[in-house]
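Undergrad: protein-v1.csv is reproduced in full below (CSV, C-alpha atoms).
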chain,number,residue,atom,x,y,z
A,355,MET,CA,0.0,0.0,0.0
A,356,HIS,CA,1.2,3.5,-0.8
A,357,PRO,CA,2.8,5.2,2.2
A,358,LEU,CA,0.5,8.2,1.8
A,359,ILE,CA,-2.6,6.0,2.3
A,360,ASP,CA,-3.7,5.4,5.9
A,361,GLY,CA,-3.7,1.6,6.3
A,362,ASP,CA,-5.6,1.7,9.5
A,363,MET,CA,-8.4,3.6,7.8
A,364,VAL,CA,-8.5,1.1,5.0
A,365,ARG,CA,-8.8,-1.8,7.5
A,366,SER,CA,-11.6,0.1,9.4
A,367,ILE,CA,-13.6,0.5,6.2
A,368,ARG,CA,-13.1,-3.1,5.2
A,369,GLU,CA,-14.0,-4.4,8.6
A,370,THR,CA,-16.8,-2.0,9.7
A,371,GLY,CA,-17.8,0.1,6.7
A,372,SER,CA,-16.7,3.3,8.4
A,373,ALA,CA,-13.5,5.3,8.1
A,374,VAL,CA,-14.0,6.2,11.8
A,375,PRO,CA,-13.8,3.2,14.2
A,376,GLY,CA,-16.0,2.9,17.2
A,377,LEU,CA,-19.2,4.3,15.8
A,378,PRO,CA,-22.5,2.6,16.9
A,379,PRO,CA,-24.3,0.3,14.5
A,380,ARG,CA,-26.1,2.2,11.8
A,381,SER,CA,-29.2,0.2,12.5
A,382,GLU,CA,-29.4,1.9,16.0
A,383,ILE,CA,-29.5,5.4,14.4
A,384,LEU,CA,-31.9,4.4,11.6
A,385,ASP,CA,-34.3,2.8,14.2
A,386,ARG,CA,-34.1,5.8,16.4
A,387,HIS,CA,-35.2,8.1,13.7
A,388,GLY,CA,-37.7,5.8,12.0
A,389,LEU,CA,-35.8,5.5,8.8
A,390,PRO,CA,-36.4,2.3,6.7
A,391,TYR,CA,-33.5,0.1,5.9
A,392,ASP,CA,-32.6,-3.2,4.2
A,393,ARG,CA,-36.0,-3.5,2.5
A,394,ARG,CA,-36.6,-4.1,-1.2
A,395,ALA,CA,-36.8,-0.9,-3.1
A,396,GLU,CA,-36.0,0.6,-6.5
A,397,ASN,CA,-33.5,3.0,-5.0
A,398,VAL,CA,-30.9,2.8,-2.3
A,399,VAL,CA,-30.0,6.0,-0.5
A,400,ILE,CA,-26.3,6.2,0.4
A,401,THR,CA,-25.9,8.6,3.3
A,402,GLY,CA,-22.1,8.6,3.5
A,403,CYS,CA,-20.3,6.9,6.4
A,404,GLN,CA,-20.6,9.8,8.9
A,405,ILE,CA,-23.7,11.8,7.8
A,406,LEU,CA,-26.1,9.5,9.4
A,407,TYR,CA,-24.5,10.1,12.8
A,408,LEU,CA,-23.9,13.9,12.3
A,409,LEU,CA,-27.1,15.0,10.4
A,410,PRO,CA,-29.8,12.5,11.0
A,411,GLN,CA,-32.5,15.2,11.0
A,412,VAL,CA,-31.6,16.1,7.4
A,413,LEU,CA,-32.1,12.5,6.4
A,414,VAL,CA,-35.4,12.4,8.1
A,415,SER,CA,-36.5,15.5,6.0
A,416,LEU,CA,-35.3,13.7,2.9
A,417,ALA,CA,-37.2,10.6,3.8
A,418,LYS,CA,-40.4,12.6,4.4
A,419,VAL,CA,-40.1,14.4,1.0
A,420,LEU,CA,-39.4,11.1,-0.8
A,421,GLU,CA,-42.3,9.3,0.9
A,422,ARG,CA,-44.7,12.1,0.2
A,423,GLY,CA,-43.9,11.6,-3.5
A,424,GLY,CA,-44.3,7.8,-3.4
A,425,PHE,CA,-40.6,7.2,-4.0
A,426,SER,CA,-39.3,3.6,-3.6
A,427,TYR,CA,-36.2,3.7,-1.5
A,428,THR,CA,-34.3,2.2,1.4
A,429,PHE,CA,-31.2,2.9,3.5
A,430,LEU,CA,-28.6,0.3,4.3
A,431,SER,CA,-27.8,-1.0,7.8
A,432,ARG,CA,-24.3,-1.7,6.5
A,433,GLU,CA,-22.8,0.9,4.3
A,434,TYR,CA,-19.2,1.2,3.2
A,435,CYS,CA,-17.3,4.5,3.2
A,436,CYS,CA,-16.2,5.5,-0.3
A,437,GLY,CA,-12.8,6.2,1.0
A,438,ASN,CA,-12.8,10.0,0.3
A,439,TYR,CA,-10.8,10.6,3.5
A,440,LEU,CA,-8.0,8.5,2.2
A,441,TYR,CA,-7.4,11.0,-0.6
A,442,ARG,CA,-6.4,14.1,1.5
A,443,PRO,CA,-2.7,13.3,2.0
A,444,ALA,CA,-2.3,12.2,-1.6
A,445,ILE,CA,-4.0,15.4,-2.9
A,446,GLN,CA,-1.9,17.6,-0.7
A,447,ALA,CA,1.3,15.9,-1.9
A,448,ARG,CA,0.0,16.0,-5.5
A,449,ASP,CA,1.0,12.3,-5.8
A,450,GLU,CA,-0.8,10.8,-8.8
A,451,GLU,CA,0.3,7.3,-7.9
A,452,ALA,CA,-1.3,7.6,-4.5
A,453,ILE,CA,-4.4,9.1,-5.9
A,454,ALA,CA,-4.7,6.3,-8.4
A,455,GLU,CA,-4.5,3.8,-5.6
A,456,CYS,CA,-7.1,5.7,-3.6
A,457,ARG,CA,-9.4,5.4,-6.6
A,458,ARG,CA,-8.8,1.6,-6.8
A,459,LEU,CA,-9.7,1.3,-3.2
A,460,SER,CA,-12.9,3.5,-3.7
A,461,ARG,CA,-14.0,1.1,-6.5
A,462,GLU,CA,-13.6,-1.8,-4.1
A,463,PHE,CA,-15.6,-0.1,-1.4
A,464,VAL,CA,-18.3,1.3,-3.7
A,465,SER,CA,-18.8,-2.2,-5.3
A,466,LEU,CA,-19.8,-3.5,-1.9
A,467,ASN,CA,-22.6,-1.0,-1.6
A,468,LEU,CA,-23.7,-1.8,-5.2
A,469,GLU,CA,-23.8,-5.5,-4.4
A,470,ARG,CA,-26.0,-4.8,-1.4
A,471,ALA,CA,-28.3,-2.6,-3.4
A,472,GLU,CA,-28.7,-5.3,-6.0
A,473,GLU,CA,-29.7,-7.7,-3.2
A,474,MET,CA,-32.5,-5.2,-2.3
A,475,GLY,CA,-33.6,-5.2,-5.9
A,476,ALA,CA,-32.5,-1.6,-6.4
A,477,HIS,CA,-31.5,-0.3,-9.9
A,478,ARG,CA,-30.1,3.1,-8.7
A,479,LEU,CA,-28.0,4.6,-5.9
A,480,VAL,CA,-29.0,8.0,-4.6
A,481,ILE,CA,-26.0,9.7,-3.0
A,482,PHE,CA,-26.6,12.1,-0.2
A,483,CYS,CA,-23.0,13.0,0.8
A,484,SER,CA,-21.6,15.4,-1.7
A,485,PRO,CA,-17.9,14.2,-1.6
A,486,CYS,CA,-19.2,10.7,-2.2
A,487,TYR,CA,-21.0,11.5,-5.4
A,488,PRO,CA,-18.1,12.2,-7.8
A,489,ILE,CA,-16.2,9.2,-6.4
A,490,TYR,CA,-19.1,6.9,-7.0
A,491,ARG,CA,-19.7,8.2,-10.5
A,492,HIS,CA,-16.0,7.9,-11.4
A,493,ALA,CA,-15.7,4.4,-10.0
A,494,PHE,CA,-18.8,3.1,-11.9
A,495,PRO,CA,-19.7,5.5,-14.7
A,496,GLU,CA,-21.8,2.8,-16.3
A,497,ARG,CA,-24.1,2.5,-13.3
A,498,ASP,CA,-27.2,4.5,-12.4
A,499,ILE,CA,-25.9,6.8,-9.7
A,500,ALA,CA,-27.7,10.1,-8.8
A,501,PHE,CA,-27.0,13.1,-6.5
A,502,TYR,CA,-29.9,13.3,-4.1
A,503,PRO,CA,-31.5,16.6,-5.5
A,504,ARG,CA,-32.4,14.5,-8.6
A,505,ALA,CA,-34.6,12.3,-6.5
A,506,VAL,CA,-36.2,15.3,-4.8
A,507,ALA,CA,-36.9,16.8,-8.2
A,508,GLU,CA,-38.5,13.6,-9.5
A,509,VAL,CA,-41.0,13.4,-6.6
A,510,MET,CA,-41.9,17.1,-6.4
A,511,GLU,CA,-45.0,18.7,-7.9
A,512,GLU,CA,-45.2,22.4,-8.5
A,513,ILE,CA,-45.8,24.4,-5.3
A,514,ASN,CA,-46.7,28.0,-4.8
A,515,CYS,CA,-43.9,29.4,-2.6
A,516,GLU,CA,-43.9,33.2,-2.3
A,517,GLY,CA,-40.7,34.5,-0.7
A,518,GLU,CA,-37.0,34.9,-1.1
A,519,VAL,CA,-34.0,32.8,-0.1
A,520,ASP,CA,-30.3,32.7,-0.5
A,521,TYR,CA,-28.8,29.7,-2.2
A,522,TYR,CA,-25.1,28.7,-1.9
A,523,ALA,CA,-24.3,25.7,-4.1
A,524,GLY,CA,-20.7,25.4,-2.9
A,525,CYS,CA,-17.4,25.4,-4.8
A,526,TYR,CA,-16.5,21.6,-5.1
A,527,ARG,CA,-12.8,22.3,-5.5
A,528,LEU,CA,-11.8,19.3,-3.4
A,529,HIS,CA,-14.4,17.1,-5.1
A,530,ARG,CA,-12.8,17.8,-8.5
A,531,ARG,CA,-9.5,16.4,-7.0
A,532,PHE,CA,-11.2,13.2,-6.0
A,533,SER,CA,-12.4,12.7,-9.5
A,534,PRO,CA,-13.0,14.6,-12.8
A,535,VAL,CA,-16.8,13.9,-12.6
A,536,PRO,CA,-18.7,17.2,-12.2
A,537,MET,CA,-21.3,17.8,-9.5
A,538,ASP,CA,-24.9,17.6,-10.6
A,539,LEU,CA,-26.1,21.2,-9.9
A,540,ASP,CA,-28.8,21.2,-12.5
A,541,SER,CA,-31.1,18.9,-10.5
A,542,THR,CA,-31.3,21.5,-7.7
A,543,GLU,CA,-32.3,24.1,-10.2
A,544,GLU,CA,-35.1,21.8,-11.3
A,545,VAL,CA,-36.2,21.6,-7.7
A,546,PHE,CA,-36.2,25.4,-7.5
A,547,SER,CA,-38.1,25.7,-10.8
A,548,LYS,CA,-41.0,23.9,-9.1
A,549,LEU,CA,-41.3,26.4,-6.3
A,550,ARG,CA,-43.4,29.0,-8.1
A,551,GLY,CA,-42.9,32.5,-6.9
A,552,LEU,CA,-39.7,31.8,-5.0
A,553,LYS,CA,-37.0,34.4,-5.6
A,554,ILE,CA,-33.5,33.0,-5.3
A,555,HIS,CA,-30.4,35.0,-4.6
A,556,ARG,CA,-27.5,32.8,-5.7
A,557,ILE,CA,-24.2,33.3,-3.9
A,558,ASP,CA,-21.1,32.5,-5.9
A,559,ALA,CA,-18.1,30.6,-4.5
A,560,PRO,CA,-14.8,32.4,-5.2
A,561,PHE,CA,-13.3,30.6,-2.2
A,562,CYS,CA,-13.9,27.4,-0.4
A,563,CYS,CA,-16.1,28.0,2.7
A,564,TYR,CA,-13.6,26.0,4.8
A,565,LYS,CA,-11.2,29.0,4.3
A,566,PRO,CA,-11.8,32.1,6.4
A,567,GLU,CA,-12.3,34.3,3.4
A,568,GLY,CA,-14.8,31.7,2.0
A,569,ILE,CA,-17.2,31.6,4.9
A,570,ALA,CA,-16.8,35.4,5.3
A,571,HIS,CA,-17.9,35.8,1.7
A,572,VAL,CA,-21.0,33.7,2.3
A,573,LEU,CA,-21.9,35.6,5.5
A,574,ASP,CA,-21.4,39.0,3.7
A,575,SER,CA,-23.5,37.9,0.7
A,576,VAL,CA,-26.6,36.7,2.4
A,577,ARG,CA,-29.6,39.0,1.8
A,578,THR,CA,-32.5,37.1,3.3
A,579,ASP,CA,-33.3,35.2,6.5
A,580,ALA,CA,-32.9,31.8,4.9
A,581,LEU,CA,-29.8,30.2,3.4
A,582,VAL,CA,-30.3,26.9,1.4
A,583,THR,CA,-27.3,24.6,0.5
A,584,ILE,CA,-26.9,21.2,-1.0
A,585,CYS,CA,-23.5,20.3,0.3
A,586,THR,CA,-23.1,18.8,3.7
A,587,GLY,CA,-19.8,20.5,4.3
A,588,CYS,CA,-21.1,23.9,3.4
A,589,TYR,CA,-24.1,23.3,5.6
A,590,GLY,CA,-21.9,22.6,8.6
A,591,GLN,CA,-19.7,25.6,7.9
A,592,ALA,CA,-22.7,27.9,7.6
A,593,LEU,CA,-24.3,26.6,10.8
A,594,ALA,CA,-21.1,27.2,12.7
A,595,GLY,CA,-20.3,30.5,11.0
A,596,PHE,CA,-23.5,32.5,11.3
A,597,PRO,CA,-23.8,34.5,14.5
A,598,PRO,CA,-27.2,34.1,16.1
A,599,GLU,CA,-27.8,37.8,16.0
A,600,LYS,CA,-27.8,37.7,12.1
A,601,GLY,CA,-31.1,35.8,12.3
A,602,VAL,CA,-30.4,33.5,9.3
A,603,ASN,CA,-31.9,30.0,9.2
A,604,VAL,CA,-29.7,27.5,7.4
A,605,PHE,CA,-31.3,24.7,5.5
A,606,MET,CA,-30.1,21.7,3.6
A,607,LEU,CA,-32.3,21.4,0.5
A,608,PRO,CA,-34.5,18.5,1.9
A,609,GLU,CA,-35.2,20.5,5.0
A,610,PHE,CA,-36.3,23.5,3.0
A,611,VAL,CA,-38.5,21.5,0.6
A,612,GLU,CA,-40.1,19.7,3.6
A,613,LYS,CA,-40.8,23.0,5.2
A,614,VAL,CA,-42.4,24.3,2.0
A,615,MET,CA,-44.5,21.2,1.5
A,616,THR,CA,-45.7,21.3,5.1
A,617,ASN,CA,-46.8,24.9,4.9
A,618,CYS,CA,-48.3,24.9,1.4
Can the structure in the file be given as structure tokens, please?
TA:
Amino acid sequence: MHPLIDGDMVRSIRETGSAVPGLPPRSEILDRHGLPYDRRAENVVITGCQILYLLPQVLVSLAKVLERGGFSYTFLSREYCCGNYLYRPAIQARDEEAIAECRRLSREFVSLNLERAEEMGAHRLVIFCSPCYPIYRHAFPERDIAFYPRAVAEVMEEINCEGEVDYYAGCYRLHRRFSPVPMDLDSTEEVFSKLRGLKIHRIDAPFCCYKPEGIAHVLDSVRTDALVTICTGCYGQALAGFPPEKGVNVFMLPEFVEKVMTNC
């Protein structure tokens, strides 16, 4: 194994599915939040190895939106990390040999989730974690793999939604280093197109929001009391970065859509 790749992390993923050892079983979290898993369905939702533990409330919103639209889906009680955390040292060192080995490992891990999806009768993976999406698509370009806003767009009907929000799509600079597959941003625009009357102030991304100048740019650019994002990392940065006195509610896209559906 290449010296820039964390062998302990590889072993943890192979043995537990997670890049972080010691996490409780996924089934415990799924049961706690009433999320279905390991059932036959047309789609398997891939949460990412840490999102279920860190942002279960967002997955609950996603599930409510999908169920309202009659979407056939399931989560998995055993899900393998795509290995995106393995890439960081290789990317920092600009070591193409290490990056290539990371991609081979990703294909190994992703294939295990695809096998489980096939056992559930699913024909498509719906990826919630934004760094996972380009890795999955690059590993298996021939398979039906969608970023989660695509599923939201499929189940949504047009809704009257007067008001105005800010939207920060994110920069995806790191994602492009994982793989050359572009992020699917068009599906979110399709979701917005179904919210009739909603005015959207789109915030650009000249810097990554993990850099001080990046999150400062987002904070300075917000014009409304609601910020919508589709990237889990950007969501966390915004939640941590907005001072309470600014009075801005931060939403992942499923949370915002659920709110609109509930109030329409």
Undergrad: Up to 8 Å from (-21.9, 3.8, 2.8) in the file's coordinates: name the residues, counting all atoms listed in the file, as a VMD selection string.
TA: chain A and resid 371 to 372 400 to 403 430 432 to 436 464 467
Undergrad: Keeping only C-alpha atoms, write those residues as a tab-separated table (two decimals), keeping the file's coordinate frame.
TA:
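File produced: selection-v3.tsv:
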chain	number	residue	atom	x	y	z
A	371	GLY	CA	-17.80	0.10	6.70
A	372	SER	CA	-16.70	3.30	8.40
A	400	ILE	CA	-26.30	6.20	0.40
A	401	THR	CA	-25.90	8.60	3.30
A	402	GLY	CA	-22.10	8.60	3.50
A	403	CYS	CA	-20.30	6.90	6.40
A	430	LEU	CA	-28.60	0.30	4.30
A	432	ARG	CA	-24.30	-1.70	6.50
A	433	GLU	CA	-22.80	0.90	4.30
A	434	TYR	CA	-19.20	1.20	3.20
A	435	CYS	CA	-17.30	4.50	3.20
A	436	CYS	CA	-16.20	5.50	-0.30
A	464	VAL	CA	-18.30	1.30	-3.70
A	467	ASN	CA	-22.60	-1.00	-1.60
Undergrad: List as a list in words the protein and nucleic acid residues near Val614 of chain A, meaning an atom at most 12 Å away when only C-alpha atoms are counted, but skip any in the same chain fewer than 4 places from it.
TA: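 After dropping sequence-adjacent residues, the list is Ser415, Val419, Met510, Glu511, Glu512, Ile513, Asn514, Cys515, Glu516, Gly517, Val545, Phe546, Lys548, Leu549, Arg550, Leu552, Phe605, Leu607, Pro608, Glu609, Phe610 and Cys618 of chain A.
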Undergrad: Give me a file of those residues, with C-alpha atoms, as a PDB file, in the frame of the given file.
TA:
ATOM      1  CA  SER A 415     -36.500  15.500   6.000  1.00  0.00           C
ATOM      2  CA  VAL A 419     -40.100  14.400   1.000  1.00  0.00           C
ATOM      3  CA  MET A 510     -41.900  17.100  -6.400  1.00  0.00           C
ATOM      4  CA  GLU A 511     -45.000  18.700  -7.900  1.00  0.00           C
ATOM      5  CA  GLU A 512     -45.200  22.400  -8.500  1.00  0.00           C
ATOM      6  CA  ILE A 513     -45.800  24.400  -5.300  1.00  0.00           C
ATOM      7  CA  ASN A 514     -46.700  28.000  -4.800  1.00  0.00           C
ATOM      8  CA  CYS A 515     -43.900  29.400  -2.600  1.00  0.00           C
ATOM      9  CA  GLU A 516     -43.900  33.200  -2.300  1.00  0.00           C
ATOM     10  CA  GLY A 517     -40.700  34.500  -0.700  1.00  0.00           C
ATOM     11  CA  VAL A 545     -36.200  21.600  -7.700  1.00  0.00           C
ATOM     12  CA  PHE A 546     -36.200  25.400  -7.500  1.00  0.00           C
ATOM     13  CA  LYS A 548     -41.000  23.900  -9.100  1.00  0.00           C
ATOM     14  CA  LEU A 549     -41.300  26.400  -6.300  1.00  0.00           C
ATOM     15  CA  ARG A 550     -43.400  29.000  -8.100  1.00  0.00           C
ATOM     16  CA  LEU A 552     -39.700  31.800  -5.000  1.00  0.00           C
ATOM     17  CA  PHE A 605     -31.300  24.700   5.500  1.00  0.00           C
ATOM     18  CA  LEU A 607     -32.300  21.400   0.500  1.00  0.00           C
ATOM     19  CA  PRO A 608     -34.500  18.500   1.900  1.00  0.00           C
ATOM     20  CA  GLU A 609     -35.200  20.500   5.000  1.00  0.00           C
ATOM     21  CA  PHE A 610     -36.300  23.500   3.000  1.00  0.00           C
ATOM     22  CA  CYS A 618     -48.300  24.900   1.400  1.00  0.00           C
TER      23      CYS A 618
END
Undergrad: List every protein, DNA or RNA residue that has at least one atom no more than 7 Å from (-20.2, 18.7, 1.0) in the file's coordinates, counting all atoms listed in the file, and write the result as an MDAnalysis selection string.
TA: chainID A and resid 483:485 585:588
Undergrad: Could you save those same residues with C-alpha atoms as a PDB file, keeping the file's coordinate frame?
TA:
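The result, stored in result34.pdb:
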ATOM      1  CA  CYS A 483     -23.000  13.000   0.800  1.00  0.00           C
ATOM      2  CA  SER A 484     -21.600  15.400  -1.700  1.00  0.00           C
ATOM      3  CA  PRO A 485     -17.900  14.200  -1.600  1.00  0.00           C
ATOM      4  CA  CYS A 585     -23.500  20.300   0.300  1.00  0.00           C
ATOM      5  CA  THR A 586     -23.100  18.800   3.700  1.00  0.00           C
ATOM      6  CA  GLY A 587     -19.800  20.500   4.300  1.00  0.00           C
ATOM      7  CA  CYS A 588     -21.100  23.900   3.400  1.00  0.00           C
TER       8      CYS A 588
END
Undergrad: Near Ala505 of chain A, counting all atoms listed in the file, which residues have an atom at most 9 Å away, once you skip same-chain residues fewer than 6 positions from it, shown as a list in words?
TA: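 Answer for this query is Leu420, Phe425, Val480 and Ser541 of chain A.
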Undergrad: Excluding Ser575 of chain A and residues on its chain fewer than 2 positions from it, collect all residues at most 10 Å away from it, counting all atoms listed in the file, and give them as a PyMOL selection string.
TA: chain A and resi 520+522+555-558+569-573+577-578
Undergrad: Please dump the current selection as a tab-separated table (two decimals), keeping the file's coordinate frame; keep C-alpha atoms.
TA:
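So result-v5.tsv came out as:
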chain	number	residue	atom	x	y	z
A	520	ASP	CA	-30.30	32.70	-0.50
A	522	TYR	CA	-25.10	28.70	-1.90
A	555	HIS	CA	-30.40	35.00	-4.60
A	556	ARG	CA	-27.50	32.80	-5.70
A	557	ILE	CA	-24.20	33.30	-3.90
A	558	ASP	CA	-21.10	32.50	-5.90
A	569	ILE	CA	-17.20	31.60	4.90
A	570	ALA	CA	-16.80	35.40	5.30
A	571	HIS	CA	-17.90	35.80	1.70
A	572	VAL	CA	-21.00	33.70	2.30
A	573	LEU	CA	-21.90	35.60	5.50
A	577	ARG	CA	-29.60	39.00	1.80
A	578	THR	CA	-32.50	37.10	3.30
Undergrad: Quote the spacing between atom CA of Val519 of chain A and atom CA of Ala559 of chain A in Å to one decimal place.
TA: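 Separation between atom CA of Val519 of chain A and atom CA of Ala559 of chain A: 16.6 Å.
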Undergrad: Which of these, A:Ala500, A:Met355, A:Leu581, A:Cys486, has the shortest distance to Ile453 of chain A once you count only C-alpha atoms?
TA: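 The closest residue to Ile453 of chain A is A:Met355.
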Undergrad: Measuring atom to atom with only C-alpha atoms, identify which of A:Glu455, A:Glu567, A:Asp579, A:Glu518 is nearest to Pro357 of chain A.
TA: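 Closest to Pro357 of chain A, using only C-alpha atoms: A:Glu455.
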Undergrad: For each of A:Leu593, A:Pro390, A:Phe463, A:Gln411, take the minimum atom-to-atom distance to Thr370 of chain A, counting all atoms listed in the file, then give the residue where this is smallest.
TA: A:Phe463
Undergrad: Rounded to one decimal, what separation in Å do you get between atom CA of Ala476 of chain A and atom CA of Arg497 of chain A?
TA: 11.6 Å
Undergrad: Starting from 8 Å padding per side, set up an axis-aligned box that covers all listed atoms of segment 419-426 of chain A and hand over centre and edge lengths in Å, one decimal, as AutoDock Vina command-line options.
TA:
--center_x -42.0 --center_y 9.0 --center_z -1.5 --size_x 21.4 --size_y 26.8 --size_z 21.0
Undergrad: Hey, what's within 7 Å of Ser426 of chain A if we count only C-alpha atoms and toss same-chain stuff fewer than 2 positions away? As a count of residues only, please?
TA: 4
Undergrad: Find the distance between atom CA of Val399 of chain A and atom CA of Ala594 of chain A and write it in Å to one decimal.
TA: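 Atom CA of Val399 of chain A sits 26.5 Å away from atom CA of Ala594 of chain A.
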Undergrad: Which one of A:Pro410, A:Pro375, A:Gly423, A:Gly595 sits closest to Val509 of chain A if you count all atoms listed in the file?
TA: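 Ranking A:Pro410, A:Pro375, A:Gly423, A:Gly595 by distance to Val509 of chain A, first place goes to A:Gly423.
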Undergrad: If we count only C-alpha atoms and set the cut-off at 8 Å, which residues sit around Asp392 of chain A, ignoring sequence neighbours fewer than 5 positions away in its own chain? Please answer as a short mmCIF file (atom, residue, chain, number, x, y, z; two decimals) with C-alpha atoms, in the coordinates of the input.
TA:
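Produced file out.cif, reproduced below:
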data_model
loop_
_atom_site.label_atom_id
_atom_site.label_comp_id
_atom_site.auth_asym_id
_atom_site.auth_seq_id
_atom_site.Cartn_x
_atom_site.Cartn_y
_atom_site.Cartn_z
CA THR A 428 -34.30 2.20 1.40
CA PHE A 429 -31.20 2.90 3.50
CA LEU A 430 -28.60 0.30 4.30
CA SER A 431 -27.80 -1.00 7.80
CA MET A 474 -32.50 -5.20 -2.30
#
